[in-house]
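Structure file start_26.tsv (TSV, C-alpha atoms and all ligand atoms) is printed below.
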```tsv
chain	number	residue	atom	x	y	z
A	1	MET	CA	-50.66	3.75	11.29
A	2	SER	CA	-48.76	1.76	8.69
A	3	HIS	CA	-45.19	2.70	8.13
A	4	THR	CA	-43.67	2.53	4.62
A	5	PRO	CA	-40.04	3.55	4.41
A	6	SER	CA	-39.55	6.51	2.11
A	7	THR	CA	-37.57	6.12	-1.14
A	8	SER	CA	-34.98	8.54	0.14
A	9	THR	CA	-34.34	6.32	3.22
A	10	GLU	CA	-33.99	3.24	0.92
A	11	THR	CA	-31.55	5.08	-1.30
A	12	THR	CA	-29.56	6.07	1.74
A	13	VAL	CA	-29.42	2.47	2.96
A	14	ILE	CA	-28.33	1.23	-0.48
A	15	GLU	CA	-25.79	4.01	-0.70
A	16	LYS	CA	-24.50	3.14	2.75
A	17	VAL	CA	-24.12	-0.54	1.78
A	18	ILE	CA	-22.26	0.43	-1.43
A	19	ALA	CA	-20.04	2.83	0.51
A	20	PHE	CA	-19.34	0.10	3.12
A	21	VAL	CA	-18.29	-2.44	0.46
A	22	ASP	CA	-16.45	0.21	-1.56
A	23	GLU	CA	-14.36	1.25	1.43
A	24	ARG	CA	-13.25	-2.35	1.89
A	25	VAL	CA	-12.79	-3.65	-1.69
A	26	GLY	CA	-12.58	-0.53	-3.89
A	27	LEU	CA	-15.81	-1.52	-5.68
A	28	LYS	CA	-16.39	1.83	-7.45
A	29	LEU	CA	-12.89	1.85	-8.90
A	30	LEU	CA	-13.30	-1.75	-10.07
A	31	VAL	CA	-16.65	-1.06	-11.79
A	32	ALA	CA	-15.28	2.18	-13.30
A	33	LYS	CA	-12.23	0.32	-14.61
A	34	MET	CA	-14.42	-2.39	-16.15
A	35	LEU	CA	-16.87	-0.01	-17.79
A	36	ASN	CA	-14.31	2.55	-18.95
A	37	GLU	CA	-12.21	0.08	-20.93
A	38	PRO	CA	-11.50	1.85	-24.24
A	39	VAL	CA	-12.63	0.05	-27.40
A	40	PRO	CA	-10.32	1.37	-30.16
A	41	GLY	CA	-12.19	2.20	-33.36
A	42	GLY	CA	-15.59	2.03	-31.59
A	43	SER	CA	-18.01	-0.70	-30.53
A	44	ARG	CA	-18.82	-3.52	-32.99
A	45	TRP	CA	-21.35	-6.35	-33.25
A	46	ALA	CA	-18.41	-8.61	-34.15
A	47	TYR	CA	-17.08	-8.31	-30.59
A	48	VAL	CA	-20.17	-9.70	-28.85
A	49	PHE	CA	-19.31	-13.42	-29.01
A	50	GLY	CA	-16.94	-13.56	-26.02
A	51	SER	CA	-19.52	-11.99	-23.69
A	52	VAL	CA	-22.30	-14.12	-25.18
A	53	LEU	CA	-20.19	-17.23	-24.43
A	54	LEU	CA	-19.84	-16.16	-20.80
A	55	PHE	CA	-23.61	-15.63	-20.61
A	56	ILE	CA	-24.36	-19.07	-22.13
A	57	PHE	CA	-21.96	-20.70	-19.67
A	58	ILE	CA	-23.67	-19.04	-16.67
A	59	MET	CA	-27.08	-20.20	-17.93
A	60	GLN	CA	-25.72	-23.74	-18.49
A	61	ALA	CA	-24.42	-23.74	-14.90
A	62	ILE	CA	-27.81	-22.59	-13.52
A	63	THR	CA	-29.88	-25.04	-15.57
A	64	GLY	CA	-27.31	-27.78	-14.86
A	65	VAL	CA	-27.59	-27.31	-11.08
A	66	LEU	CA	-31.41	-27.38	-11.32
A	67	LEU	CA	-31.22	-30.62	-13.34
A	68	MET	CA	-28.93	-32.15	-10.71
A	69	PHE	CA	-31.72	-31.75	-8.13
A	70	TYR	CA	-33.54	-34.55	-10.00
A	71	TYR	CA	-30.96	-36.47	-12.03
A	72	VAL	CA	-29.51	-39.68	-10.55
A	73	PRO	CA	-26.05	-40.57	-11.97
A	74	THR	CA	-26.34	-44.35	-11.69
A	75	ALA	CA	-26.63	-46.81	-14.55
A	76	ASP	CA	-29.95	-48.18	-13.24
A	77	HIS	CA	-31.56	-44.78	-12.50
A	78	ALA	CA	-30.07	-42.27	-14.96
A	79	TYR	CA	-32.57	-43.07	-17.73
A	80	ALA	CA	-35.59	-43.20	-15.40
A	81	SER	CA	-34.61	-39.95	-13.67
A	82	THR	CA	-34.20	-38.22	-17.05
A	83	GLN	CA	-37.66	-39.50	-18.06
A	84	TYR	CA	-38.94	-38.18	-14.71
A	85	ILE	CA	-37.45	-34.73	-15.48
A	86	LEU	CA	-39.06	-34.78	-18.93
A	87	HIS	CA	-42.52	-36.00	-17.92
A	88	ASP	CA	-43.15	-35.33	-14.22
A	89	VAL	CA	-41.13	-32.34	-13.03
A	90	ASP	CA	-42.90	-29.00	-13.64
A	91	TYR	CA	-41.24	-27.44	-16.71
A	92	GLY	CA	-38.56	-30.15	-16.45
A	93	TRP	CA	-38.83	-30.78	-20.21
A	94	PHE	CA	-38.07	-27.11	-20.81
A	95	LEU	CA	-35.15	-27.10	-18.37
A	96	LEU	CA	-33.49	-30.13	-19.96
A	97	SER	CA	-34.22	-28.92	-23.50
A	98	TYR	CA	-32.81	-25.46	-22.66
A	99	HIS	CA	-29.63	-27.10	-21.32
A	100	PHE	CA	-29.39	-29.29	-24.44
A	101	TRP	CA	-29.83	-26.39	-26.91
A	102	GLY	CA	-27.58	-24.20	-24.72
A	103	SER	CA	-24.71	-26.61	-25.40
A	104	THR	CA	-25.36	-26.33	-29.14
A	105	ALA	CA	-25.41	-22.52	-28.85
A	106	MET	CA	-22.09	-22.62	-27.01
A	107	VAL	CA	-20.45	-24.62	-29.80
A	108	VAL	CA	-21.87	-22.30	-32.50
A	109	CYS	CA	-20.70	-19.20	-30.58
A	110	VAL	CA	-17.26	-20.62	-29.87
A	111	PHE	CA	-16.80	-21.17	-33.63
A	112	ALA	CA	-18.06	-17.62	-34.29
A	113	HIS	CA	-15.66	-16.20	-31.65
A	114	ILE	CA	-12.64	-18.13	-33.00
A	115	SER	CA	-13.53	-17.01	-36.54
A	116	GLN	CA	-13.81	-13.37	-35.45
A	117	VAL	CA	-10.49	-13.27	-33.59
A	118	PHE	CA	-8.80	-15.22	-36.39
A	119	LEU	CA	-10.12	-13.04	-39.23
A	120	TRP	CA	-9.34	-9.85	-37.25
A	121	GLY	CA	-5.77	-11.11	-36.63
A	122	ALA	CA	-6.37	-10.66	-32.89
A	123	TYR	CA	-4.15	-13.69	-32.10
A	124	LYS	CA	-1.02	-11.80	-33.14
A	125	LYS	CA	1.51	-10.21	-30.80
A	126	PRO	CA	0.80	-9.21	-27.97
A	127	ARG	CA	-2.30	-11.48	-27.73
A	128	GLU	CA	-0.64	-14.90	-28.18
A	129	LEU	CA	-1.47	-16.02	-24.63
A	130	ILE	CA	-5.15	-14.98	-24.94
A	131	TRP	CA	-5.29	-17.17	-28.06
A	132	LEU	CA	-3.61	-20.16	-26.37
A	133	VAL	CA	-5.90	-20.02	-23.33
A	134	GLY	CA	-8.80	-19.66	-25.82
A	135	LEU	CA	-7.78	-22.93	-27.49
A	136	ALA	CA	-7.88	-24.68	-24.11
A	137	LEU	CA	-11.36	-23.19	-23.57
A	138	PHE	CA	-12.39	-24.60	-26.96
A	139	GLY	CA	-11.29	-28.08	-25.82
A	140	ILE	CA	-13.34	-27.65	-22.65
A	141	VAL	CA	-16.47	-26.63	-24.59
A	142	MET	CA	-16.15	-29.75	-26.78
A	143	GLY	CA	-15.47	-31.83	-23.64
A	144	PHE	CA	-18.74	-30.60	-22.12
A	145	GLY	CA	-20.61	-31.80	-25.21
A	146	PHE	CA	-18.93	-35.20	-25.23
A	147	THR	CA	-19.38	-35.96	-21.51
A	148	GLY	CA	-22.93	-34.54	-21.29
A	149	TYR	CA	-24.12	-36.72	-24.16
A	150	LEU	CA	-23.80	-39.92	-22.09
A	151	LEU	CA	-25.78	-38.72	-19.06
A	152	PRO	CA	-29.39	-39.45	-20.27
A	153	TRP	CA	-28.28	-43.09	-20.64
A	154	ASP	CA	-30.37	-43.89	-23.73
A	155	GLN	CA	-29.18	-45.79	-26.81
A	156	ARG	CA	-27.93	-42.60	-28.48
A	157	ALA	CA	-25.89	-41.71	-25.39
A	158	TYR	CA	-24.45	-45.17	-24.90
A	159	TRP	CA	-23.44	-45.75	-28.50
A	160	ALA	CA	-22.06	-42.29	-29.21
A	161	THR	CA	-19.82	-42.71	-26.17
A	162	THR	CA	-18.78	-46.20	-27.24
A	163	VAL	CA	-17.76	-44.89	-30.69
A	164	GLY	CA	-16.06	-41.79	-29.20
A	165	VAL	CA	-14.01	-43.79	-26.71
A	166	GLU	CA	-13.03	-46.32	-29.41
A	167	ILE	CA	-11.72	-43.41	-31.49
A	168	MET	CA	-9.63	-42.10	-28.57
A	169	ASP	CA	-8.32	-45.63	-28.01
A	170	LYS	CA	-6.49	-45.30	-31.35
A	171	THR	CA	-4.09	-42.63	-30.04
A	172	PRO	CA	-0.61	-44.16	-29.78
A	173	LEU	CA	0.95	-44.56	-26.31
A	174	ILE	CA	-1.80	-42.88	-24.24
A	175	GLY	CA	-4.94	-43.98	-26.16
A	176	ASP	CA	-5.36	-47.25	-24.28
A	177	PHE	CA	-4.95	-45.49	-20.91
A	178	ILE	CA	-7.47	-42.74	-21.78
A	179	ALA	CA	-10.01	-45.28	-23.07
A	180	ARG	CA	-9.62	-47.51	-20.00
A	181	PHE	CA	-9.81	-44.53	-17.68
A	182	LEU	CA	-12.96	-43.14	-19.29
A	183	LYS	CA	-14.76	-46.49	-19.61
A	184	GLY	CA	-13.62	-47.91	-16.29
A	185	GLY	CA	-14.42	-51.42	-17.60
A	186	ALA	CA	-14.75	-53.55	-20.72
A	187	THR	CA	-18.04	-51.93	-21.81
A	188	PRO	CA	-19.66	-48.63	-20.77
A	189	GLY	CA	-21.31	-49.08	-17.37
A	190	GLN	CA	-21.61	-47.51	-13.94
A	191	MET	CA	-17.93	-46.51	-13.81
A	192	THR	CA	-18.19	-44.77	-17.18
A	193	LEU	CA	-21.30	-42.87	-16.10
A	194	SER	CA	-19.74	-41.83	-12.77
A	195	ARG	CA	-16.58	-40.60	-14.45
A	196	PHE	CA	-18.37	-38.72	-17.22
A	197	PHE	CA	-20.70	-37.17	-14.63
A	198	VAL	CA	-17.85	-35.96	-12.39
A	199	ILE	CA	-15.92	-34.59	-15.39
A	200	HIS	CA	-19.09	-32.87	-16.69
A	201	VAL	CA	-20.29	-31.26	-13.46
A	202	MET	CA	-17.04	-30.66	-11.56
A	203	VAL	CA	-13.80	-30.91	-13.53
A	204	LEU	CA	-14.84	-29.04	-16.69
A	205	PRO	CA	-16.82	-26.22	-14.97
A	206	ALA	CA	-13.90	-25.57	-12.58
A	207	ALA	CA	-11.42	-25.60	-15.47
A	208	LEU	CA	-13.63	-23.32	-17.55
A	209	MET	CA	-14.09	-20.82	-14.72
A	210	GLY	CA	-10.36	-20.67	-14.02
A	211	LEU	CA	-9.32	-20.42	-17.65
A	212	ALA	CA	-12.06	-17.91	-18.59
A	213	GLY	CA	-10.82	-15.72	-15.70
A	214	LEU	CA	-7.27	-15.99	-17.03
A	215	HIS	CA	-8.52	-15.30	-20.59
A	216	LEU	CA	-10.21	-12.08	-19.42
A	217	PHE	CA	-7.24	-11.02	-17.31
A	218	LEU	CA	-4.92	-11.43	-20.31
A	219	PHE	CA	-7.44	-9.65	-22.54
A	220	ARG	CA	-7.60	-6.72	-20.12
A	221	SER	CA	-3.79	-6.58	-19.88
A	222	ALA	CA	-3.27	-6.52	-23.66
A	223	GLY	CA	-6.40	-4.43	-24.41
A	224	PRO	CA	-8.81	-5.08	-27.31
A	225	ALA	CA	-7.19	-5.48	-30.73
A	226	GLY	CA	-9.80	-3.26	-32.40
A	227	PRO	CA	-10.56	-3.20	-36.14
A	228	PHE	CA	-8.00	-4.43	-38.64
A	229	ARG	CA	-8.24	-1.30	-40.82
A	230	GLY	CA	-7.48	2.32	-40.03
A	231	THR	CA	-4.53	4.38	-38.86
A	232	PRO	CA	-3.85	4.69	-35.11
A	233	GLU	CA	-5.09	8.31	-35.28
A	234	GLU	CA	-8.38	7.30	-36.95
A	235	LEU	CA	-8.92	4.51	-34.40
A	236	LYS	CA	-8.19	6.86	-31.52
A	237	ALA	CA	-10.66	9.43	-32.85
A	238	LYS	CA	-13.40	6.76	-33.03
A	239	THR	CA	-12.65	5.18	-29.62
A	240	ASP	CA	-15.70	4.23	-27.55
A	241	TYR	CA	-15.75	2.97	-24.00
A	242	PHE	CA	-17.06	-0.47	-23.06
A	243	PHE	CA	-20.04	1.31	-21.44
A	244	PRO	CA	-22.51	2.14	-22.89
A	245	ARG	CA	-22.29	1.21	-26.59
A	246	GLN	CA	-20.39	-2.12	-26.49
A	247	ILE	CA	-22.22	-3.29	-23.39
A	248	TRP	CA	-25.60	-2.66	-25.07
A	249	LYS	CA	-24.53	-4.61	-28.13
A	250	ASP	CA	-23.39	-7.46	-25.85
A	251	ILE	CA	-26.76	-7.41	-24.03
A	252	VAL	CA	-28.67	-7.51	-27.34
A	253	GLY	CA	-26.44	-10.45	-28.40
A	254	MET	CA	-27.18	-12.30	-25.14
A	255	ALA	CA	-30.94	-11.61	-25.38
A	256	THR	CA	-31.02	-12.86	-28.99
A	257	VAL	CA	-29.16	-16.06	-28.13
A	258	PHE	CA	-31.40	-16.57	-25.07
A	259	ALA	CA	-34.54	-16.15	-27.22
A	260	CYS	CA	-33.19	-18.61	-29.83
A	261	ILE	CA	-32.35	-21.25	-27.19
A	262	CYS	CA	-35.82	-20.85	-25.58
A	263	ALA	CA	-37.52	-21.12	-29.00
A	264	LEU	CA	-35.55	-24.27	-29.91
A	265	ALA	CA	-36.23	-25.80	-26.47
A	266	PHE	CA	-39.93	-25.10	-26.98
A	267	TRP	CA	-40.25	-26.35	-30.57
A	268	GLU	CA	-37.68	-29.14	-30.50
A	269	PRO	CA	-37.67	-30.49	-26.93
A	270	VAL	CA	-35.37	-33.35	-25.98
A	271	VAL	CA	-36.77	-36.80	-26.80
A	272	LEU	CA	-35.10	-39.91	-25.38
A	273	LEU	CA	-34.57	-43.14	-27.30
A	274	GLU	CA	-34.80	-46.57	-25.66
A	275	GLU	CA	-32.79	-47.15	-22.49
A	276	ALA	CA	-29.08	-47.96	-23.12
A	277	THR	CA	-28.22	-51.62	-23.78
A	278	PRO	CA	-25.00	-53.25	-25.03
A	279	ASP	CA	-27.00	-54.41	-28.08
A	280	PRO	CA	-27.42	-51.62	-30.67
A	281	GLY	CA	-30.27	-53.50	-32.43
A	282	ASP	CA	-31.05	-51.51	-35.60
A	283	TYR	CA	-29.80	-48.26	-34.09
A	284	HIS	CA	-26.95	-46.62	-36.05
A	285	PRO	CA	-24.57	-45.01	-33.53
A	286	GLU	CA	-23.62	-41.41	-34.22
A	287	PRO	CA	-22.16	-38.56	-32.18
A	288	GLU	CA	-23.64	-35.12	-31.44
A	289	TRP	CA	-23.91	-32.91	-34.58
A	290	TYR	CA	-20.71	-30.98	-33.86
A	291	PHE	CA	-18.64	-34.16	-34.04
A	292	LEU	CA	-20.50	-35.40	-37.15
A	293	PHE	CA	-17.95	-33.98	-39.61
A	294	LEU	CA	-15.24	-36.09	-37.99
A	295	PHE	CA	-17.51	-39.14	-38.06
A	296	GLN	CA	-18.16	-38.57	-41.77
A	297	LEU	CA	-14.45	-38.05	-42.47
A	298	LEU	CA	-13.77	-41.49	-41.01
A	299	ARG	CA	-16.18	-43.03	-43.52
A	300	LEU	CA	-13.87	-42.04	-46.39
A	301	LYS	CA	-12.04	-44.98	-47.99
A	302	MET	CA	-8.62	-43.40	-47.37
A	303	PHE	CA	-9.31	-43.53	-43.63
A	304	SER	CA	-10.36	-47.17	-43.49
A	305	GLY	CA	-8.36	-49.74	-41.54
A	306	GLU	CA	-6.65	-49.39	-38.17
A	307	LEU	CA	-3.99	-46.90	-39.36
A	308	GLY	CA	-6.42	-44.88	-41.51
A	309	GLN	CA	-8.85	-44.50	-38.59
A	310	PHE	CA	-6.04	-43.26	-36.37
A	311	VAL	CA	-4.91	-40.74	-38.99
A	312	GLY	CA	-8.47	-39.45	-39.62
A	313	ALA	CA	-9.67	-39.44	-36.04
A	314	MET	CA	-6.62	-38.39	-34.06
A	315	ALA	CA	-3.55	-37.43	-36.14
A	316	LEU	CA	-5.30	-34.97	-38.49
A	317	PRO	CA	-7.39	-33.13	-35.86
A	318	GLY	CA	-4.35	-33.19	-33.49
A	319	ALA	CA	-2.08	-31.70	-36.16
A	320	PHE	CA	-4.71	-29.06	-36.93
A	321	MET	CA	-4.97	-28.04	-33.25
A	322	ALA	CA	-1.16	-27.98	-32.97
A	323	LEU	CA	-1.03	-25.71	-36.02
A	324	LEU	CA	-3.55	-23.36	-34.38
A	325	ALA	CA	-1.49	-23.38	-31.17
A	326	VAL	CA	1.73	-22.34	-32.92
A	327	LEU	CA	-0.01	-19.94	-35.31
A	328	PRO	CA	0.76	-16.70	-33.38
A	329	PHE	CA	4.42	-17.75	-33.17
A	330	ILE	CA	4.90	-18.58	-36.86
A	331	ASP	CA	2.72	-15.77	-38.24
A	332	LYS	CA	4.82	-12.81	-37.13
A	333	ASP	CA	3.60	-10.40	-39.80
A	334	PRO	CA	1.91	-7.52	-37.92
A	335	GLU	CA	-0.58	-7.01	-40.83
A	336	ARG	CA	-4.07	-7.73	-39.45
A	337	ASN	CA	-6.23	-6.77	-42.42
A	338	ILE	CA	-7.78	-10.07	-43.56
A	339	PHE	CA	-8.02	-8.81	-47.15
A	340	LYS	CA	-4.22	-8.50	-47.16
A	341	ARG	CA	-3.75	-12.00	-45.64
A	342	PRO	CA	-4.85	-14.27	-48.55
A	343	VAL	CA	-3.47	-17.50	-47.03
A	344	ALA	CA	-5.40	-16.91	-43.78
A	345	LEU	CA	-8.62	-16.04	-45.65
A	346	ILE	CA	-8.43	-19.03	-48.01
A	347	GLY	CA	-7.48	-21.32	-45.10
A	348	TRP	CA	-10.49	-20.18	-43.07
A	349	VAL	CA	-12.90	-20.60	-46.03
A	350	VAL	CA	-11.55	-24.11	-46.81
A	351	VAL	CA	-11.80	-25.31	-43.18
A	352	MET	CA	-15.32	-23.91	-42.69
A	353	ALA	CA	-16.50	-25.31	-46.05
A	354	ALA	CA	-15.02	-28.74	-45.23
A	355	ILE	CA	-16.73	-28.84	-41.80
A	356	LEU	CA	-20.04	-27.75	-43.38
A	357	ILE	CA	-19.87	-30.22	-46.30
A	358	PHE	CA	-18.89	-33.19	-44.08
A	359	THR	CA	-21.60	-32.34	-41.54
A	360	ILE	CA	-24.30	-32.05	-44.24
A	361	SER	CA	-23.23	-35.30	-45.91
A	362	ALA	CA	-23.31	-37.06	-42.51
A	363	ILE	CA	-26.90	-35.82	-42.02
A	364	ILE	CA	-27.90	-36.94	-45.55
A	365	ASN	CA	-26.23	-40.30	-44.90
A	366	ARG	CA	-28.23	-40.63	-41.66
A	367	GLU	CA	-31.55	-39.96	-43.46
A	368	PHE	CA	-30.53	-42.64	-45.97
A	369	LEU	CA	-29.66	-45.18	-43.24
A	370	ASP	CA	-32.91	-44.43	-41.36
B	1	LIG	C1	-15.68	-20.55	-23.33
B	1	LIG	C2	-14.96	-20.01	-24.26
B	1	LIG	C3	-14.55	-18.54	-24.34
B	1	LIG	C4	-14.99	-17.44	-23.63
B	1	LIG	C5	-16.03	-17.40	-22.53
B	1	LIG	C6	-14.27	-16.29	-24.16
B	1	LIG	C7	-14.46	-14.98	-23.74
B	1	LIG	C8	-13.84	-13.87	-24.28
B	1	LIG	C9	-14.16	-12.50	-23.98
B	1	LIG	C10	-15.27	-12.05	-23.03
B	1	LIG	C11	-13.31	-11.71	-24.69
B	1	LIG	C12	-13.26	-10.18	-24.72
B	1	LIG	C13	-14.12	-9.48	-25.75
B	1	LIG	C14	-14.37	-10.16	-27.06
B	1	LIG	O1	-15.37	-10.90	-27.11
B	1	LIG	O2	-13.63	-10.00	-28.06
B	1	LIG	C15	-12.44	-12.57	-25.46
B	1	LIG	C16	-11.43	-12.15	-26.30
B	1	LIG	C17	-10.59	-12.98	-27.00
B	1	LIG	N1	-10.70	-14.36	-27.13
B	1	LIG	FE1	-12.03	-15.50	-26.14
B	1	LIG	N2	-13.41	-16.71	-25.15
B	1	LIG	C18	-13.56	-18.07	-25.30
B	1	LIG	C19	-12.91	-18.88	-26.21
B	1	LIG	C20	-11.91	-18.44	-27.07
B	1	LIG	C21	-11.28	-19.26	-28.09
B	1	LIG	C22	-11.68	-20.70	-28.40
B	1	LIG	C23	-10.31	-18.48	-28.68
B	1	LIG	C24	-9.35	-18.83	-29.78
B	1	LIG	C25	-8.82	-19.98	-29.97
B	1	LIG	C26	-10.34	-17.17	-28.05
B	1	LIG	C27	-9.50	-16.12	-28.34
B	1	LIG	C28	-9.69	-14.79	-27.94
B	1	LIG	C29	-8.87	-13.67	-28.36
B	1	LIG	C30	-7.63	-13.73	-29.27
B	1	LIG	C31	-9.44	-12.52	-27.78
B	1	LIG	C32	-8.95	-11.07	-27.93
B	1	LIG	C33	-9.84	-10.38	-28.97
B	1	LIG	C34	-9.47	-8.93	-29.24
B	1	LIG	O3	-8.52	-8.41	-28.65
B	1	LIG	O4	-10.15	-8.33	-30.08
B	1	LIG	N3	-11.34	-17.18	-27.10
B	1	LIG	N4	-12.79	-13.89	-25.20
```

Is it possible to give me this structure as structure tokens?
Ligand code: HEM
Amino acid sequence: MSHTPSTSTETTVIEKVIAFVDERVGLKLLVAKMLNEPVPGGSRWAYVFGSVLLFIFIMQAITGVLLMFYYVPTADHAYASTQYILHDVDYGWFLLSYHFWGSTAMVVCVFAHISQVFLWGAYKKPRELIWLVGLALFGIVMGFGFTGYLLPWDQRAYWATTVGVEIMDKTPLIGDFIARFLKGGATPGQMTLSRFFVIHVMVLPAALMGLAGLHLFLFRSAGPAGPFRGTPEELKAKTDYFFPRQIWKDIVGMATVFACICALAFWEPVVLLEEATPDPGDYHPEPEWYFLFLFQLLRLKMFSGELGQFVGAMALPGAFMALLAVLPFIDKDPERNIFKRPVALIGWVVVMAAILIFTISAIINREFLD
């Protein structure tokens, strides 16, 4: 006689396991605390980007580990192993293309998240530290893009890195050290690939995990900022809890982003160029799309010459990041309503428009050069 355990026995076993863990780590209290976080003013679609970013990162880590099963980080095998992933490994083309489009999604969502917290005035007291840690996370996201770009070791990878490192070289005092450290030689080679690989798969993921944990801890300590309009009484009356409404919105956000990345991976899979060589031939080097605006900025006449290139490539972006870092400390006005903060609103529109215009003109320029 076959014996199938009854559902009630299974439930009891599961309950026993939960009770066992709960007794030791206070699991139920932890889950209750996480789910019962009050969201003042109610759940909003605008709040989904932070959770979506965490989801994208987890998926990047999973697809990245799977890619590492096949990828060989050596100058003479990186290109061939990437070709192998694309053409021989079952669904390898999808895996690599998902990882590629996932990085794009992360950059888009990080811009959306910064815009949301900026427009909502969520960087103001008492959330200054959440904002500062967020800026470090932004640097890490861009660092992932820059270091990952080299790994396929095709002409695009090689030349984008060459241009990127040359730009860093222009930083006074430390530029030469950074460039020499990253390149590890006169031209990009095995040392460069090894260093970019280690930074991409070990240093940045560890830094992101640590800082994202700190970001969430600080967020939980300060509590969500909530909407920028409404009296405290109105917000209190509309308060939701993280579960169920906000969590469902977050899940819908994650599912939408997942579907978009899958669709892009399917319709626009990664295609490699020729294997990397120190001779660009008729290839015009250019960085990944999210650095294109900077690349285009450097083409302006006012940024020509050694000094101009330094100002455009390092001084201006550096000053802009420094301004963002001190923002919560110089903007002490507790007003969070963006329609009553004209300087912030105009500033945001100008920066976004500039990034968009420079990116589009870089793309048009590329079509022209091609
Ligand atoms: C990998 C990058 C990041 C991850 C995974 C992340 C994750 C999160 C999460 C899960 C939250 C809580 C809920 C919400 O989405 O509002 C949050 C809140 C917040 N984040 Fe981030 N974040 C990242 C980058 C950034 C950046 C670049 C900034 C700004 C420079 C930033 C500033 C903030 C602020 C100020 C809050 C509080 C929002 C509020 O109270 O309404 N974060 N972040």

> So, counting only C-alpha atoms, which residue among A:Tyr123, A:Phe266, A:Tyr71, A:Phe111 is closest to Phe94 of chain A?
Replying inline: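 Selected residue with least distance to Phe94 of chain A: A:Phe266.
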
Cut-off 7 Å, all atoms listed in the file, neighbours of ligand LIG 1 (chain B) as a PDB file with C-alpha atoms, in the frame of the given file:
```
ATOM      1  CA  TYR A  47     -17.080  -8.310 -30.590  1.00  0.00           C
ATOM      2  CA  VAL A  48     -20.170  -9.700 -28.850  1.00  0.00           C
ATOM      3  CA  PHE A  49     -19.310 -13.420 -29.010  1.00  0.00           C
ATOM      4  CA  GLY A  50     -16.940 -13.560 -26.020  1.00  0.00           C
ATOM      5  CA  SER A  51     -19.520 -11.990 -23.690  1.00  0.00           C
ATOM      6  CA  LEU A  53     -20.190 -17.230 -24.430  1.00  0.00           C
ATOM      7  CA  LEU A  54     -19.840 -16.160 -20.800  1.00  0.00           C
ATOM      8  CA  VAL A 110     -17.260 -20.620 -29.870  1.00  0.00           C
ATOM      9  CA  HIS A 113     -15.660 -16.200 -31.650  1.00  0.00           C
ATOM     10  CA  ILE A 114     -12.640 -18.130 -33.000  1.00  0.00           C
ATOM     11  CA  VAL A 117     -10.490 -13.270 -33.590  1.00  0.00           C
ATOM     12  CA  ALA A 122      -6.370 -10.660 -32.890  1.00  0.00           C
ATOM     13  CA  TYR A 123      -4.150 -13.690 -32.100  1.00  0.00           C
ATOM     14  CA  ARG A 127      -2.300 -11.480 -27.730  1.00  0.00           C
ATOM     15  CA  ILE A 130      -5.150 -14.980 -24.940  1.00  0.00           C
ATOM     16  CA  TRP A 131      -5.290 -17.170 -28.060  1.00  0.00           C
ATOM     17  CA  LEU A 132      -3.610 -20.160 -26.370  1.00  0.00           C
ATOM     18  CA  GLY A 134      -8.800 -19.660 -25.820  1.00  0.00           C
ATOM     19  CA  LEU A 135      -7.780 -22.930 -27.490  1.00  0.00           C
ATOM     20  CA  ALA A 136      -7.880 -24.680 -24.110  1.00  0.00           C
ATOM     21  CA  LEU A 137     -11.360 -23.190 -23.570  1.00  0.00           C
ATOM     22  CA  PHE A 138     -12.390 -24.600 -26.960  1.00  0.00           C
ATOM     23  CA  VAL A 141     -16.470 -26.630 -24.590  1.00  0.00           C
ATOM     24  CA  LEU A 208     -13.630 -23.320 -17.550  1.00  0.00           C
ATOM     25  CA  ALA A 212     -12.060 -17.910 -18.590  1.00  0.00           C
ATOM     26  CA  HIS A 215      -8.520 -15.300 -20.590  1.00  0.00           C
ATOM     27  CA  LEU A 216     -10.210 -12.080 -19.420  1.00  0.00           C
ATOM     28  CA  PHE A 219      -7.440  -9.650 -22.540  1.00  0.00           C
ATOM     29  CA  GLY A 223      -6.400  -4.430 -24.410  1.00  0.00           C
ATOM     30  CA  PRO A 224      -8.810  -5.080 -27.310  1.00  0.00           C
ATOM     31  CA  ALA A 225      -7.190  -5.480 -30.730  1.00  0.00           C
ATOM     32  CA  GLY A 226      -9.800  -3.260 -32.400  1.00  0.00           C
TER      33      GLY A 226
END
```

Near segment 240-255 of chain A, counting all atoms listed in the file, which residues have an atom at most 8 Å away, once you skip same-chain residues fewer than 6 positions from it, shown as an mmCIF file with C-alpha atoms, keeping the file's coordinate frame?
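The resulting selection_25.cif:
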```cif
data_model
loop_
_atom_site.group_PDB
_atom_site.id
_atom_site.type_symbol
_atom_site.label_atom_id
_atom_site.label_comp_id
_atom_site.auth_asym_id
_atom_site.auth_seq_id
_atom_site.Cartn_x
_atom_site.Cartn_y
_atom_site.Cartn_z
ATOM 1 C CA MET A 34 -14.420 -2.390 -16.150
ATOM 2 C CA LEU A 35 -16.870 -0.010 -17.790
ATOM 3 C CA ASN A 36 -14.310 2.550 -18.950
ATOM 4 C CA GLU A 37 -12.210 0.080 -20.930
ATOM 5 C CA PRO A 38 -11.500 1.850 -24.240
ATOM 6 C CA VAL A 39 -12.630 0.050 -27.400
ATOM 7 C CA PRO A 40 -10.320 1.370 -30.160
ATOM 8 C CA GLY A 41 -12.190 2.200 -33.360
ATOM 9 C CA GLY A 42 -15.590 2.030 -31.590
ATOM 10 C CA SER A 43 -18.010 -0.700 -30.530
ATOM 11 C CA ARG A 44 -18.820 -3.520 -32.990
ATOM 12 C CA TRP A 45 -21.350 -6.350 -33.250
ATOM 13 C CA TYR A 47 -17.080 -8.310 -30.590
ATOM 14 C CA VAL A 48 -20.170 -9.700 -28.850
ATOM 15 C CA PHE A 49 -19.310 -13.420 -29.010
ATOM 16 C CA SER A 51 -19.520 -11.990 -23.690
ATOM 17 C CA VAL A 52 -22.300 -14.120 -25.180
ATOM 18 C CA PHE A 55 -23.610 -15.630 -20.610
ATOM 19 C CA ILE A 56 -24.360 -19.070 -22.130
#
```
